[in-house]
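Below is my_file.txt, which holds compact mmCIF, C-alpha atoms and all ligand atoms.
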# COMPACT_ATOMS: atom_id res chain seq x y z
CA MET A 153 14.61 18.93 -10.38
CA SER A 154 11.93 16.43 -11.49
CA PHE A 155 10.10 14.12 -9.06
CA GLU A 156 11.95 11.10 -10.42
CA ASP A 157 15.34 12.77 -10.01
CA LYS A 158 14.46 13.76 -6.43
CA ILE A 159 13.37 10.28 -5.36
CA LEU A 160 16.34 8.65 -7.10
CA ARG A 161 18.73 11.06 -5.40
CA ALA A 162 17.21 10.42 -1.94
CA ALA A 163 17.20 6.64 -2.55
CA GLY A 164 20.86 6.77 -3.52
CA THR A 165 21.97 9.07 -0.71
CA ASN A 166 20.07 7.18 1.99
CA GLN A 167 20.62 3.71 0.46
CA THR A 168 16.94 2.89 0.72
CA ARG A 169 13.81 2.15 -1.30
CA THR A 170 11.37 2.93 1.52
CA VAL A 171 8.60 5.51 1.07
CA LEU A 172 7.13 6.51 4.43
CA ALA A 173 3.30 6.48 4.52
CA LEU A 174 2.54 9.19 7.06
CA ASP A 175 -0.94 8.13 8.17
CA LEU A 176 -0.92 8.93 11.87
CA GLU A 177 -4.25 9.61 13.56
CA ASP A 178 -4.87 11.96 16.46
CA THR A 179 -7.92 13.91 17.55
CA ASP A 180 -5.66 16.79 18.60
CA GLY A 181 -4.34 18.69 15.55
CA SER A 182 -1.19 20.14 17.11
CA ARG A 183 -0.25 16.77 18.60
CA LEU A 184 -0.80 15.18 15.16
CA VAL A 185 1.59 17.71 13.62
CA SER A 186 4.28 17.18 16.22
CA ARG A 187 3.99 13.37 16.13
CA SER A 188 4.15 13.40 12.32
CA ARG A 189 7.18 15.70 12.34
CA ASP A 190 8.91 13.53 14.97
CA VAL A 191 8.52 10.46 12.76
CA ILE A 192 9.95 12.31 9.74
CA ARG A 193 12.93 13.52 11.78
CA ASP A 194 13.52 10.01 13.20
CA VAL A 195 13.62 8.28 9.82
CA ALA A 196 14.61 11.03 7.37
CA GLY A 197 17.97 9.41 6.61
CA LEU A 198 16.39 5.99 6.07
CA ILE A 199 13.62 6.78 3.56
CA CYS A 200 13.47 8.23 0.04
CA ALA A 201 10.05 9.99 0.05
CA VAL A 202 7.06 10.82 2.24
CA LYS A 203 3.57 9.83 1.11
CA ILE A 204 0.73 11.84 2.58
CA ASN A 205 -2.80 10.51 2.58
CA ARG A 206 -6.06 12.45 2.39
CA GLN A 207 -6.71 11.64 6.04
CA LEU A 208 -3.81 13.87 7.11
CA VAL A 209 -5.00 16.67 4.82
CA MET A 210 -8.53 16.28 6.22
CA ALA A 211 -7.26 16.56 9.76
CA LEU A 212 -4.81 19.43 9.27
CA GLY A 213 -5.88 21.32 6.15
CA LEU A 214 -3.73 21.96 3.09
CA SER A 215 -1.77 24.95 4.32
CA ALA A 216 -0.79 23.28 7.60
CA VAL A 217 0.38 20.21 5.68
CA ARG A 218 2.44 22.48 3.42
CA ASP A 219 3.98 24.49 6.25
CA SER A 220 4.59 21.71 8.77
CA ILE A 221 5.09 18.51 6.76
CA ILE A 222 6.12 19.26 3.16
CA LYS A 223 8.60 21.88 4.28
CA LEU A 224 10.20 19.55 6.82
CA ALA A 225 10.46 16.73 4.26
CA ASN A 226 12.08 19.17 1.80
CA ASP A 227 14.55 20.29 4.49
CA PHE A 228 15.75 16.67 4.46
CA SER A 229 15.76 16.63 0.60
CA LEU A 230 12.85 14.19 0.57
CA PRO A 231 10.15 14.51 -2.14
CA THR A 232 6.49 14.28 -1.12
CA ILE A 233 3.73 12.26 -2.78
CA MET A 234 0.06 13.19 -2.39
CA ASP A 235 -1.99 10.02 -2.17
CA ALA A 236 -5.10 11.66 -3.62
CA LYS A 237 -6.22 8.58 -5.61
CA LEU A 238 -7.67 11.03 -8.17
CA ASN A 239 -10.57 9.43 -10.01
CA ASP A 240 -12.89 12.04 -11.48
CA VAL A 241 -13.60 13.88 -14.73
CA GLY A 242 -10.94 16.09 -16.25
CA HIS A 243 -11.71 19.56 -14.94
CA THR A 244 -11.91 18.54 -11.27
CA ASN A 245 -8.98 16.12 -11.53
CA GLY A 246 -6.95 18.90 -13.15
CA PHE A 247 -7.87 21.41 -10.45
CA MET A 248 -6.88 18.99 -7.67
CA ALA A 249 -3.61 18.03 -9.35
CA ARG A 250 -2.60 21.66 -9.98
CA THR A 251 -3.49 22.59 -6.40
CA TYR A 252 -1.42 19.77 -4.89
CA PHE A 253 1.53 20.46 -7.19
CA ASP A 254 1.49 24.22 -6.65
CA MET A 255 1.42 23.81 -2.88
CA GLY A 256 4.59 21.76 -3.08
CA PHE A 257 3.80 18.08 -3.63
CA ASP A 258 6.18 16.40 -6.09
CA ALA A 259 3.79 13.67 -7.26
CA VAL A 260 0.15 12.60 -7.05
CA ILE A 261 -1.43 9.18 -7.04
CA ALA A 262 -4.37 8.70 -9.42
CA SER A 263 -6.67 5.88 -10.46
CA PRO A 264 -6.39 4.97 -14.16
CA ILE A 265 -10.02 3.82 -14.19
CA ALA A 266 -11.13 7.34 -15.20
CA GLY A 267 -9.37 6.84 -18.55
CA TRP A 268 -7.44 9.43 -20.55
CA GLU A 269 -9.83 11.72 -22.38
CA ASN A 270 -11.39 14.23 -20.01
CA GLY A 271 -10.19 12.02 -17.16
CA LEU A 272 -6.47 11.81 -16.41
CA ASP A 273 -5.34 13.89 -19.39
CA THR A 274 -5.53 17.04 -17.26
CA VAL A 275 -3.54 15.42 -14.43
CA PHE A 276 -0.69 14.45 -16.77
CA GLU A 277 -0.74 17.90 -18.39
CA ALA A 278 -0.41 19.54 -14.96
CA ALA A 279 2.38 17.14 -13.96
CA ASN A 280 4.37 17.27 -17.20
CA SER A 281 4.40 21.05 -17.38
CA ARG A 282 5.77 21.22 -13.80
CA LYS A 283 8.18 18.19 -13.88
CA LYS A 284 6.00 16.48 -11.29
CA GLY A 285 5.03 12.81 -11.12
CA VAL A 286 1.86 10.77 -11.60
CA ILE A 287 1.69 7.31 -10.04
CA LEU A 288 -1.20 5.03 -11.04
CA LEU A 289 -3.05 2.48 -8.90
CA THR A 290 -2.62 -0.81 -10.70
CA TYR A 291 -3.27 -3.58 -8.14
CA MET A 292 -4.23 -2.83 -4.55
CA SER A 293 -2.83 -4.65 -1.55
CA ASN A 294 -6.05 -5.59 0.25
CA PRO A 295 -7.58 -9.08 -0.10
CA GLY A 296 -10.73 -7.66 -1.72
CA ALA A 297 -8.69 -6.13 -4.57
CA GLU A 298 -8.54 -9.39 -6.49
CA ALA A 299 -12.23 -9.30 -7.43
CA PHE A 300 -11.67 -6.31 -9.70
CA TYR A 301 -7.98 -6.06 -10.53
CA SER A 302 -7.73 -9.74 -11.58
CA LEU A 303 -11.02 -9.70 -13.48
CA MET A 304 -10.63 -11.03 -17.01
CA ALA A 305 -11.60 -8.38 -19.54
CA GLN A 306 -12.67 -9.63 -22.94
CA GLN A 307 -10.41 -8.29 -25.69
CA PRO A 308 -11.60 -7.44 -29.23
CA GLU A 309 -9.53 -10.39 -30.49
CA GLY A 310 -11.65 -12.69 -28.34
CA TYR A 311 -9.31 -13.64 -25.51
CA GLY A 312 -9.41 -12.41 -21.90
CA LYS A 313 -6.83 -10.22 -20.16
CA PRO A 314 -6.73 -9.35 -16.44
CA VAL A 315 -7.64 -5.74 -15.67
CA PHE A 316 -4.28 -5.09 -13.97
CA GLU A 317 -2.43 -5.98 -17.18
CA ILE A 318 -4.51 -3.46 -19.11
CA LEU A 319 -3.79 -0.84 -16.41
CA THR A 320 -0.05 -1.60 -16.66
CA GLU A 321 -0.13 -1.07 -20.42
CA LEU A 322 -1.94 2.24 -19.92
CA ALA A 323 0.67 3.39 -17.40
CA VAL A 324 3.39 2.73 -19.98
CA GLU A 325 1.43 4.38 -22.79
CA TRP A 326 0.65 7.47 -20.68
CA LYS A 327 4.28 7.67 -19.46
CA ALA A 328 3.35 7.54 -15.77
CA GLN A 329 6.24 7.87 -13.32
CA GLY A 330 5.15 4.72 -11.52
CA VAL A 331 2.47 2.22 -10.63
CA ILE A 332 1.16 0.96 -7.30
CA VAL A 333 1.09 -2.83 -6.94
CA GLY A 334 0.44 -4.42 -3.53
CA ALA A 335 3.41 -6.12 -1.87
CA THR A 336 0.94 -8.82 -0.88
CA GLN A 337 0.94 -9.97 -4.53
CA PRO A 338 4.51 -10.88 -5.57
CA ARG A 339 3.26 -12.84 -8.59
CA VAL A 340 1.40 -9.76 -9.84
CA ILE A 341 4.52 -7.63 -9.26
CA SER A 342 6.55 -10.04 -11.42
CA ARG A 343 3.97 -9.90 -14.20
CA VAL A 344 3.78 -6.08 -14.08
CA ARG A 345 7.58 -5.89 -14.22
CA GLN A 346 7.61 -8.30 -17.18
CA LEU A 347 5.01 -6.25 -19.06
CA ALA A 348 6.33 -2.80 -18.18
CA GLY A 349 10.04 -3.48 -18.69
CA PRO A 350 12.85 -2.32 -16.42
CA ASN A 351 12.18 1.43 -16.38
CA LEU A 352 8.73 1.84 -14.82
CA SER A 353 8.88 2.31 -11.04
CA ILE A 354 6.70 -0.10 -9.06
CA TYR A 355 5.62 1.16 -5.62
CA SER A 356 4.46 -1.58 -3.27
CA PRO A 357 2.35 -0.91 -0.17
CA GLY A 358 1.02 -3.57 2.18
CA ILE A 359 4.33 -4.40 3.87
CA GLY A 360 4.31 -5.69 7.45
CA ALA A 361 0.95 -4.70 8.92
CA GLN A 362 -0.91 -6.05 5.85
CA GLY A 363 1.26 -9.16 5.56
CA GLY A 364 3.49 -8.27 2.58
CA ASP A 365 7.16 -9.26 2.75
CA PRO A 366 9.68 -6.58 1.70
CA LYS A 367 12.24 -8.98 0.27
CA ALA A 368 9.64 -10.94 -1.71
CA ALA A 369 8.31 -7.69 -3.21
CA LEU A 370 11.76 -6.40 -4.16
CA ASP A 371 12.82 -9.79 -5.55
CA ALA A 372 9.65 -9.85 -7.65
CA GLY A 373 10.50 -6.48 -9.19
CA SER A 374 9.25 -3.69 -6.91
CA THR A 375 11.31 -0.53 -7.03
CA TYR A 376 9.99 1.10 -3.85
CA LEU A 377 8.27 -0.14 -0.67
CA ILE A 378 5.51 2.01 0.86
CA VAL A 379 5.50 1.47 4.65
CA GLY A 380 3.30 3.12 7.26
CA ARG A 381 2.25 1.51 10.55
CA SER A 382 5.25 -0.82 10.80
CA ILE A 383 7.40 2.32 11.07
CA TYR A 384 5.33 5.02 12.75
CA ASN A 385 3.66 2.71 15.31
CA SER A 386 6.98 1.20 16.30
CA SER A 387 8.45 2.25 19.65
CA ASP A 388 11.66 2.88 17.67
CA PRO A 389 10.77 4.08 14.14
CA ALA A 390 14.42 4.43 13.06
CA THR A 391 15.22 0.80 13.91
CA ALA A 392 12.05 -0.30 12.13
CA ALA A 393 12.91 1.77 9.04
CA ARG A 394 16.46 0.39 9.07
CA GLU A 395 15.03 -3.16 8.84
CA PHE A 396 13.31 -2.28 5.55
CA ARG A 397 16.67 -1.30 4.08
CA ARG A 398 18.14 -4.70 4.86
CA PRO A 399 17.01 -6.48 1.65
CA ILE A 400 18.68 -3.87 -0.56
CA LEU A 401 21.87 -3.58 1.49
CA GLY A 402 22.34 -7.37 1.40
O1 LIG A 501 1.96 0.15 5.90
P1 LIG A 501 0.50 0.39 6.17
O2 LIG A 501 -0.36 -0.81 5.94
O3 LIG A 501 0.27 1.02 7.50
O4 LIG A 501 0.03 1.54 5.15
C1 LIG A 501 -0.01 1.33 3.78
C2 LIG A 501 -0.13 2.64 3.03
O5 LIG A 501 -0.22 2.34 1.66
C3 LIG A 501 -1.37 3.45 3.37
O6 LIG A 501 -1.00 4.82 3.28
C4 LIG A 501 -2.36 3.11 2.28
O7 LIG A 501 -3.18 4.22 1.94
C5 LIG A 501 -1.43 2.80 1.10
N1 LIG A 501 -1.94 1.80 0.16
C6 LIG A 501 -2.27 0.54 0.57
O8 LIG A 501 -2.15 0.18 1.74
N2 LIG A 501 -2.74 -0.35 -0.36
C7 LIG A 501 -2.92 -0.05 -1.67
O9 LIG A 501 -3.31 -0.89 -2.43
C8 LIG A 501 -2.58 1.22 -2.10
C9 LIG A 501 -2.05 2.13 -1.18
C10 LIG A 501 -1.55 3.34 -1.72
O10 LIG A 501 -0.56 3.91 -1.40
O11 LIG A 501 -2.26 3.80 -2.73
C11 LIG A 501 -1.80 4.82 -3.46
What would you get if you wrote out this structure as structure tokens?
Ligand code: O7M
Amino acid sequence: MSFEDKILRAAGTNQTRTVLALDLEDTDGSRLVSRSRDVIRDVAGLICAVKINRQLVMALGLSAVRDSIIKLANDFSLPTIMDAKLNDVGHTNGFMARTYFDMGFDAVIASPIAGWENGLDTVFEAANSRKKGVILLTYMSNPGAEAFYSLMAQQPEGYGKPVFEILTELAVEWKAQGVIVGATQPRVISRVRQLAGPNLSIYSPGIGAQGGDPKAALDAGSTYLIVGRSIYNSSDPATAAREFRRPILG
């Protein structure tokens, strides 16, 4: 089953659009594993995917992430997304993408800034041949993101276009399985939705802890919410995760 089919199935079964960002920190590796697994078990029926950041891979190593986290997520029929933010030349990007996919991740996150030729071409080749997903960073959620992602880029025709609009067009052209647009920027989400049409999935991080509002993001056109601290730092992660379902349940 492809990444998109897996996330759609989990979203439908669990009536949710929430992707859990599993970014816990702990100096003790085995405690980090058990805390991460506890959070997955607590919210498994309330999320549609698990996103793993490089910080968890740095702390635990790839094989421990595969055996303790990816396997558990799969036991709950949840796909996993590797937030690698790939941004290098083709041969190293390709190696990283193939490694993440072959160890069990269903999708990777990459930066479109590297461009296609000898940049992200190898990542898409690896993904397409394995029915995996590529999600592209298009507008980040942090306040400093505006300086670059909203920058007006001069077009050959003479007029200016914001960088994020160019990145959205590339995501459509390259047939990415989704784009990342910060939930802190509902107006940008609306514009990306307008440019990309109804089929491209928009993943929005920056909910809660970073100030983004889940309902505003979904109303503006986000498909999925990426939520970390507001769930895993809560004294009751399941209740917190249930709250993020509220806007879609009505
Ligand atoms: O909910 P939080 O703020 O605790 O965590 C947000 C998660 O989303 C965390 O895993 C970040 O790495 C990620 N994220 C952002 O916060 N902002 C971005 O612009 C992009 C991402 C992201 O997922 O990039 C792929």
Expected answer as an MDAnalysis selection string: residues within 10 Å of ligand LIG 501 (chain A), only C-alpha atoms and all ligand atoms: chainID A and resid 171:176 203:207 233:238 260:263 287:295 297 331:336 355:364 377:385
Residue nearest Thr179 in chain A - candidates A:Ile192, A:Ala216, A:Leu208, A:Ser353, atoms counted: only C-alpha atoms: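 Comparing A:Ile192, A:Ala216, A:Leu208, A:Ser353 against Thr179 in chain A, the winner is A:Leu208.
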CA of Glu309 in chain A to CA of Leu352 in chain A, straight-line distance in Å: 27.0 Å
Excluding range 244-258 of chain A and its own-chain neighbours fewer than 4 positions away, which residues fall within 6 Å of it when counting all atoms listed in the file? Please give them as a list in words. Phe155, Pro231, Thr232, Ile233, Asp240, Thr274, Val275, Ala278 and Lys284 of chain A
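Considering only C-alpha atoms, the residue among A:Asp219, A:Glu269, A:Glu177, A:Asp227 positioned nearest to His243 in chain A is A:Glu269.
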Would you mind telling me which residue in A:Ile318, A:Leu212, A:Ile400, A:Ala323 lies nearest to Met304 in chain A when using all atoms listed in the file?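 Closest candidate: A:Ile318.
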Top pick for closest residue to Lys367 in chain A, considering A:Asp180, A:Glu395, A:Asp190, A:Asp388 and counting all atoms listed in the file: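 Using all atoms listed in the file, the shortest distance to Lys367 in chain A belongs to A:Glu395.
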Using all atoms listed in the file, which residue out of A:Ala299, A:Ala328, A:Ile354, A:Val202 lies closest to Val315 in chain A? A:Ala299
So what do you get for CA of Gln346 in chain A versus CA of Ala259 in chain A, distance-wise?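 Distance reported for this atom pair: 24.4 Å.
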Counting all atoms listed in the file, which residues come within 12 Å of (15.5, -0.3, 9.6), with the point read in the file's coordinates, and could you list them as number ranges by chain? A: 166-170, 172, 194-199, 366, 379, 382-384, 386, 388-401
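Across the structure, CA of Ala201 in chain A and CA of Ser374 in chain A are spaced 15.4 Å apart.
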